[in-house]
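Structure record follows, encoded as structure tokens.
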Amino acid sequence: MEASPISQPTMIPRPQHNISRANISANALKVLYRLREGGFRACLVGGGVRDLLLGREPKDFDIATDARPEQVYKLFRNCRLIGRRFRLAHVQFGQEIVEVATFRGRGEEDENGDGPSVERTASGRILSDNVYGNIEEDAWRRDFTVNALYYDIDNFVVIDYVGGMADLKAGLIRLIGDPTQRYQEDPVRMLRAVRFAAKLGFRFDLVTEAPLHRLGHLLDQIPAARLFDEVLKLFLTGSALQTFELLRHYRLFGCLFPATERCLSHQQQHYPKTLLVRALASTDQRLAEDKPVNPAFLFAALLWEPLRERMKQLGAGDLSDIEAMQAAADAVIQAQLHRTALPRRHSLPMREIWEMQQRLTTITGKRPLRLLGHPRFRAGYDFLILRGETDEEAAALADWWTRFLALDEAGRAQALQPSKASPHKAKSRRRRKPRSARKAPKSTPLQPEI
Ligand code: ATP
Ligand code: MG
């Protein structure tokens with residue numbers, strides 16, 4: 001597809017497409033109608049149109065309009081203006097946010113070099129993009145052709161300036177315009193490309209794909225907070241495993257999680273069995289079953305190998321297991337913060353999930369019962385089960401807990417009798433234990449009677 005705008009869009013009238021208002025959220029429809037009543041043009045755009053055309057349920061609904069953000073703000077009581085780099089209106093209805101963006105213009109300077117312009121860094125990265133324009137200009141500033149289709153609430157027509165309909169039918173992710181330039185403008189588009197390819201099961205157009213292998217380093221320029229948000233979208237929206245594999249293939253994963261990438265590349269032959277791969281598969285599975293997922297658990301899995309590596313390094317010293325884990329966690333988190341943010345509301349429970357791996361090794365006395373009441377017990381236990389899929393020792397322990405949980409109160413009390421308990425626990429001590437004492441002896445079944 002040529003990069004220059006085609007002035008005549010393809011108009012697909014209502015009888016020739018499958019977008020029905022019945023499938024658009026009532027709140028998005030409210031926003032569309034209110035804008036239209038206010039005398040503005042209002043279209044559904046982006047993922048909402050793309051997913052509806054594919055017969056999928058959209059994650060959220062994005063709206064494009066010729067109303068300026070301040071005009072949108074005036075139309076809705078429940079509206080907030082957000083973003084500096086890219087100013088947007090968020091209209092909030094309970095949990096649902098409908099995003100309303102004003103049509104973006106080309107943002108080029110006039111011949112005198114002084115008209116409104118898009119603010120860029122020397123490398124071409126866009127710092128602010130608040131130059132407004134018409135719907136056609138807006139279409140050419142979007143990222144992928146399949147994301148640049150508009151559903152006009154005025155006449156229910158789908159409008160296609162960029163060949164998005166054909167790409168949707170062909171299952172192609174194609175960046176609009178010159179890919180290298182568009183990735184330089186906003187390197188996060190590389191992550192978005194991978195995310196959409198994985199989620200939709202689409203292939204890359206070859207020109208869109210080629211720069212992915214070599215431009216990952218541009219992600220270094222992106223603020224850590226934005227990358228954190230992107231990581232959640234990459235791994236918590238249902239196609240985590242496929243996304244992860246594509247990210248590794250294009251050498252983008254290491255730009256987000258350098259320490260994890262180093263560990264993975266050392267253990268290439270065990271790769272399909274790593275805890276991370278299992279955790280991502282299980283995250284997808286949970287989402288498919290409409291179960292909740294959380295960032296702390298995801299990051300606990302993403303950073304588990306670096307944590308273990310650090311602990312091994314520290315283990316040779318004089319630290320207890322707990323101290324070694326805390327020091328390792330500090331170091332791993334500190335290093336990761338250079339790439340992605342990791343807000344404390346997630347890093348604290350993440351550390352607790354890790355610490356729980358040590359606490360779960362105590363299977364005598366009163367502690368196991370106390371642990372059941374810990375807010376992170378369930379996550380820690382789930383994490384142990386995942387570890388157990390690739391680690392015999394963890395599997396034996398997970399098995400003990402599974403059987404313990406299945407008992408009634410009396411059964412649990414009996415299971416914790418010291419005489420019957422497995423001998424190998426694990427009190428934290430200052431001195432390093434002999435190797436034999438640190439490992440669960442494989443030949444000793446853990447509490448076979450429970
Ligand atoms: P989903 O919401 O399912 O993740 P989406 O395509 O709706 O996918 P959003 O992040 O909601 O993605 O963005 C809405 C639309 O805004 C996109 O479809 C695209 O047209 C445009 N857009 C978003 N981010 C960019 C970007 N970095 N560069 C250019 N256009 C973008
Ligand atoms: Mg969207």
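Ligands are numbered from 1 in the order shown, residues from 1 within each chain, and chains are lettered A, B, ... in the order they appear in the structure tokens.
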Who sits within 8 Å of A:Ile19, only C-alpha atoms, same chain under 4 positions skipped, as an MDAnalysis selection string: chainID A and resid 14 23 49 52:53
Dump as a short mmCIF file (atom, residue, chain, number, x, y, z; two decimals), in the first residue's frame, selection limited to all heavy atoms:
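Once written, again37.cif looks like this:
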data_model
loop_
_atom_site.label_atom_id
_atom_site.label_comp_id
_atom_site.auth_asym_id
_atom_site.auth_seq_id
_atom_site.Cartn_x
_atom_site.Cartn_y
_atom_site.Cartn_z
N ARG A 14 -24.37 0.21 5.66
CA ARG A 14 -24.85 -0.70 6.71
C ARG A 14 -25.16 -2.11 6.22
O ARG A 14 -24.74 -3.08 6.86
CB ARG A 14 -26.07 -0.07 7.43
CG ARG A 14 -26.70 -0.97 8.47
CD ARG A 14 -25.73 -1.25 9.62
NE ARG A 14 -26.21 -2.26 10.54
CZ ARG A 14 -25.93 -3.55 10.47
NH1 ARG A 14 -25.17 -4.02 9.49
NH2 ARG A 14 -26.38 -4.40 11.38
N ASN A 23 -24.43 -4.36 19.46
CA ASN A 23 -23.14 -4.85 19.99
C ASN A 23 -22.23 -3.74 20.51
O ASN A 23 -21.09 -4.00 20.91
CB ASN A 23 -22.40 -5.64 18.91
CG ASN A 23 -23.17 -6.86 18.48
OD1 ASN A 23 -23.86 -7.46 19.31
ND2 ASN A 23 -23.11 -7.20 17.21
N VAL A 49 -14.26 -0.89 16.36
CA VAL A 49 -14.71 -1.19 14.99
C VAL A 49 -14.03 -2.48 14.51
O VAL A 49 -14.68 -3.39 13.98
CB VAL A 49 -14.36 -0.02 14.04
CG1 VAL A 49 -14.80 -0.33 12.62
CG2 VAL A 49 -15.02 1.25 14.54
N LEU A 52 -15.49 -5.59 16.29
CA LEU A 52 -16.87 -5.88 15.88
C LEU A 52 -16.89 -6.45 14.46
O LEU A 52 -17.62 -7.40 14.17
CB LEU A 52 -17.74 -4.62 15.96
CG LEU A 52 -18.10 -4.15 17.37
CD1 LEU A 52 -18.90 -2.85 17.32
CD2 LEU A 52 -18.88 -5.21 18.14
N LEU A 53 -16.10 -5.88 13.58
CA LEU A 53 -16.07 -6.40 12.20
C LEU A 53 -15.58 -7.85 12.17
O LEU A 53 -15.98 -8.64 11.32
CB LEU A 53 -15.16 -5.53 11.31
CG LEU A 53 -15.74 -4.16 10.93
CD1 LEU A 53 -14.67 -3.28 10.27
CD2 LEU A 53 -16.95 -4.30 10.00
#
7 Å shell around ligand 1 using only C-alpha atoms and all ligand atoms, listed as a PyMOL selection string: chain A and resi 45-48+58-62+141-144+147-148+186+188-189
One-decimal distance in Å that lies between atom CA of A:Arg68 and atom CA of A:Gln181: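 Distance reported for this atom pair: 27.4 Å.
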Stretch 271-288 of chain A environment, 8 Å, only C-alpha atoms, sequence neighbours closer than 6 positions dropped, as a VMD selection string: chain A and resid 235 to 241 264 298 301 to 302 304 386 to 387 389 to 390
If you run DSSP over the backbone, which residues in stretch 123-285 of chain A end up strand (DSSP E)? Put them as a short mmCIF file (atom, residue, chain, number, x, y, z; two decimals) with C-alpha atoms, in the first residue's frame.
data_model
loop_
_atom_site.label_atom_id
_atom_site.label_comp_id
_atom_site.auth_asym_id
_atom_site.auth_seq_id
_atom_site.Cartn_x
_atom_site.Cartn_y
_atom_site.Cartn_z
CA ILE A 126 6.71 12.51 18.99
CA LEU A 127 6.58 14.38 22.28
CA SER A 128 3.21 15.98 21.81
CA LEU A 149 -11.71 2.21 10.32
CA TYR A 150 -14.53 4.55 11.35
CA TYR A 151 -18.15 3.71 12.03
CA ASP A 152 -20.13 6.89 11.56
CA VAL A 158 -17.92 2.19 7.83
CA ILE A 159 -15.36 4.57 6.36
CA ASP A 160 -11.98 3.24 5.17
CA LEU A 172 -2.70 -8.60 8.07
CA ILE A 173 -1.11 -6.17 10.50
CA ARG A 203 0.38 -12.09 10.12
CA PHE A 204 2.65 -9.12 9.60
#
Residue among A:Ala335, A:Ala101, A:Cys263, A:Val207 lying closest to ligand 2, counting only C-alpha atoms and all ligand atoms: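 Checking each of A:Ala335, A:Ala101, A:Cys263, A:Val207 against ligand 2, counting only C-alpha atoms and all ligand atoms, the winner is A:Ala101.
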For atom CA of A:Arg21 and atom CA of A:Cys43, the interatomic separation in Å (one decimal):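 Taking atom CA of A:Arg21 and atom CA of A:Cys43, their separation equals 12.4 Å.
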12 Å contact set for A:Met325, only C-alpha atoms, chain neighbours under 3 positions out, as a VMD selection string: chain A and resid 304 306 to 315 319 to 322 328 to 333 351 to 359 428
Requested write-out: N, CA and C atoms of the selected residues, as a PDB file, in the first residue's frame:
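Heads up, here's the output in again25.pdb:
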ATOM      1  N   TRP A 304      10.901 -14.083  38.379  1.00  0.00           N
ATOM      2  CA  TRP A 304      11.273 -15.211  39.237  1.00  0.00           C
ATOM      3  C   TRP A 304      12.678 -15.731  38.947  1.00  0.00           C
ATOM      4  N   PRO A 306      15.303 -14.167  37.470  1.00  0.00           N
ATOM      5  CA  PRO A 306      16.319 -13.241  37.975  1.00  0.00           C
ATOM      6  C   PRO A 306      16.431 -13.285  39.502  1.00  0.00           C
ATOM      7  N   LEU A 307      15.303 -13.450  40.175  1.00  0.00           N
ATOM      8  CA  LEU A 307      15.339 -13.522  41.644  1.00  0.00           C
ATOM      9  C   LEU A 307      16.156 -14.735  42.090  1.00  0.00           C
ATOM     10  N   ARG A 308      15.872 -15.869  41.444  1.00  0.00           N
ATOM     11  CA  ARG A 308      16.586 -17.090  41.844  1.00  0.00           C
ATOM     12  C   ARG A 308      18.074 -16.975  41.575  1.00  0.00           C
ATOM     13  N   GLU A 309      18.380 -16.350  40.455  1.00  0.00           N
ATOM     14  CA  GLU A 309      19.794 -16.202  40.115  1.00  0.00           C
ATOM     15  C   GLU A 309      20.515 -15.348  41.160  1.00  0.00           C
ATOM     16  N   ARG A 310      19.858 -14.228  41.509  1.00  0.00           N
ATOM     17  CA  ARG A 310      20.440 -13.358  42.544  1.00  0.00           C
ATOM     18  C   ARG A 310      20.601 -14.094  43.855  1.00  0.00           C
ATOM     19  N   MET A 311      19.562 -14.874  44.192  1.00  0.00           N
ATOM     20  CA  MET A 311      19.636 -15.595  45.467  1.00  0.00           C
ATOM     21  C   MET A 311      20.796 -16.575  45.477  1.00  0.00           C
ATOM     22  N   LYS A 312      21.014 -17.207  44.334  1.00  0.00           N
ATOM     23  CA  LYS A 312      22.145 -18.147  44.246  1.00  0.00           C
ATOM     24  C   LYS A 312      23.445 -17.411  44.503  1.00  0.00           C
ATOM     25  N   GLN A 313      23.554 -16.233  43.881  1.00  0.00           N
ATOM     26  CA  GLN A 313      24.787 -15.462  44.072  1.00  0.00           C
ATOM     27  C   GLN A 313      24.961 -15.101  45.540  1.00  0.00           C
ATOM     28  N   LEU A 314      23.844 -14.671  46.174  1.00  0.00           N
ATOM     29  CA  LEU A 314      23.934 -14.236  47.567  1.00  0.00           C
ATOM     30  C   LEU A 314      24.045 -15.408  48.525  1.00  0.00           C
ATOM     31  N   GLY A 315      23.539 -16.566  48.092  1.00  0.00           N
ATOM     32  CA  GLY A 315      23.450 -17.736  48.962  1.00  0.00           C
ATOM     33  C   GLY A 315      24.802 -18.179  49.491  1.00  0.00           C
ATOM     34  N   LEU A 319      24.052 -15.044  54.701  1.00  0.00           N
ATOM     35  CA  LEU A 319      22.662 -14.644  54.909  1.00  0.00           C
ATOM     36  C   LEU A 319      21.751 -15.850  55.119  1.00  0.00           C
ATOM     37  N   SER A 320      20.677 -15.642  55.888  1.00  0.00           N
ATOM     38  CA  SER A 320      19.655 -16.681  55.986  1.00  0.00           C
ATOM     39  C   SER A 320      18.890 -16.696  54.667  1.00  0.00           C
ATOM     40  N   ASP A 321      18.078 -17.735  54.458  1.00  0.00           N
ATOM     41  CA  ASP A 321      17.279 -17.810  53.223  1.00  0.00           C
ATOM     42  C   ASP A 321      16.428 -16.561  53.047  1.00  0.00           C
ATOM     43  N   ILE A 322      15.804 -16.153  54.164  1.00  0.00           N
ATOM     44  CA  ILE A 322      14.881 -15.015  54.093  1.00  0.00           C
ATOM     45  C   ILE A 322      15.632 -13.734  53.762  1.00  0.00           C
ATOM     46  N   ALA A 328      17.838 -10.107  47.387  1.00  0.00           N
ATOM     47  CA  ALA A 328      17.723 -10.389  45.947  1.00  0.00           C
ATOM     48  C   ALA A 328      16.517  -9.649  45.370  1.00  0.00           C
ATOM     49  N   ALA A 329      15.405  -9.649  46.111  1.00  0.00           N
ATOM     50  CA  ALA A 329      14.203  -8.975  45.616  1.00  0.00           C
ATOM     51  C   ALA A 329      14.479  -7.483  45.442  1.00  0.00           C
ATOM     52  N   ASP A 330      15.161  -6.878  46.418  1.00  0.00           N
ATOM     53  CA  ASP A 330      15.499  -5.451  46.308  1.00  0.00           C
ATOM     54  C   ASP A 330      16.267  -5.192  45.016  1.00  0.00           C
ATOM     55  N   ALA A 331      17.276  -6.031  44.786  1.00  0.00           N
ATOM     56  CA  ALA A 331      18.151  -5.803  43.630  1.00  0.00           C
ATOM     57  C   ALA A 331      17.399  -6.012  42.317  1.00  0.00           C
ATOM     58  N   VAL A 332      16.589  -7.050  42.260  1.00  0.00           N
ATOM     59  CA  VAL A 332      15.867  -7.367  41.013  1.00  0.00           C
ATOM     60  C   VAL A 332      14.846  -6.266  40.704  1.00  0.00           C
ATOM     61  N   ILE A 333      14.141  -5.816  41.717  1.00  0.00           N
ATOM     62  CA  ILE A 333      13.137  -4.767  41.503  1.00  0.00           C
ATOM     63  C   ILE A 333      13.828  -3.473  41.074  1.00  0.00           C
ATOM     64  N   ARG A 351       6.342  -9.339  46.178  1.00  0.00           N
ATOM     65  CA  ARG A 351       7.353  -9.827  47.131  1.00  0.00           C
ATOM     66  C   ARG A 351       6.739 -10.831  48.098  1.00  0.00           C
ATOM     67  N   GLU A 352       5.493 -10.563  48.475  1.00  0.00           N
ATOM     68  CA  GLU A 352       4.844 -11.492  49.411  1.00  0.00           C
ATOM     69  C   GLU A 352       4.655 -12.865  48.768  1.00  0.00           C
ATOM     70  N   ILE A 353       4.326 -12.867  47.473  1.00  0.00           N
ATOM     71  CA  ILE A 353       4.183 -14.152  46.772  1.00  0.00           C
ATOM     72  C   ILE A 353       5.524 -14.893  46.790  1.00  0.00           C
ATOM     73  N   TRP A 354       6.600 -14.138  46.566  1.00  0.00           N
ATOM     74  CA  TRP A 354       7.931 -14.767  46.619  1.00  0.00           C
ATOM     75  C   TRP A 354       8.233 -15.270  48.030  1.00  0.00           C
ATOM     76  N   GLU A 355       7.999 -14.396  49.026  1.00  0.00           N
ATOM     77  CA  GLU A 355       8.313 -14.795  50.411  1.00  0.00           C
ATOM     78  C   GLU A 355       7.492 -16.019  50.814  1.00  0.00           C
ATOM     79  N   MET A 356       6.277 -16.059  50.297  1.00  0.00           N
ATOM     80  CA  MET A 356       5.399 -17.176  50.597  1.00  0.00           C
ATOM     81  C   MET A 356       6.046 -18.500  50.159  1.00  0.00           C
ATOM     82  N   GLN A 357       6.866 -18.463  49.132  1.00  0.00           N
ATOM     83  CA  GLN A 357       7.515 -19.698  48.667  1.00  0.00           C
ATOM     84  C   GLN A 357       8.408 -20.273  49.764  1.00  0.00           C
ATOM     85  N   GLN A 358       8.959 -19.383  50.588  1.00  0.00           N
ATOM     86  CA  GLN A 358       9.761 -19.891  51.704  1.00  0.00           C
ATOM     87  C   GLN A 358       8.875 -20.288  52.861  1.00  0.00           C
ATOM     88  N   ARG A 359       7.851 -19.469  53.110  1.00  0.00           N
ATOM     89  CA  ARG A 359       7.003 -19.761  54.275  1.00  0.00           C
ATOM     90  C   ARG A 359       6.234 -21.068  54.083  1.00  0.00           C
ATOM     91  N   SER A 428      14.287 -20.534  59.234  1.00  0.00           N
ATOM     92  CA  SER A 428      15.321 -19.657  58.726  1.00  0.00           C
ATOM     93  C   SER A 428      16.457 -19.599  59.744  1.00  0.00           C
TER      94      SER A 428
END
Closest of A:Ile63, A:Leu29, A:Ala300, A:Val118 to A:Ala89 - atom-to-atom distances counting only C-alpha atoms: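 Looking only at the distances to A:Ala89, the closest residue turns out to be A:Ile63.
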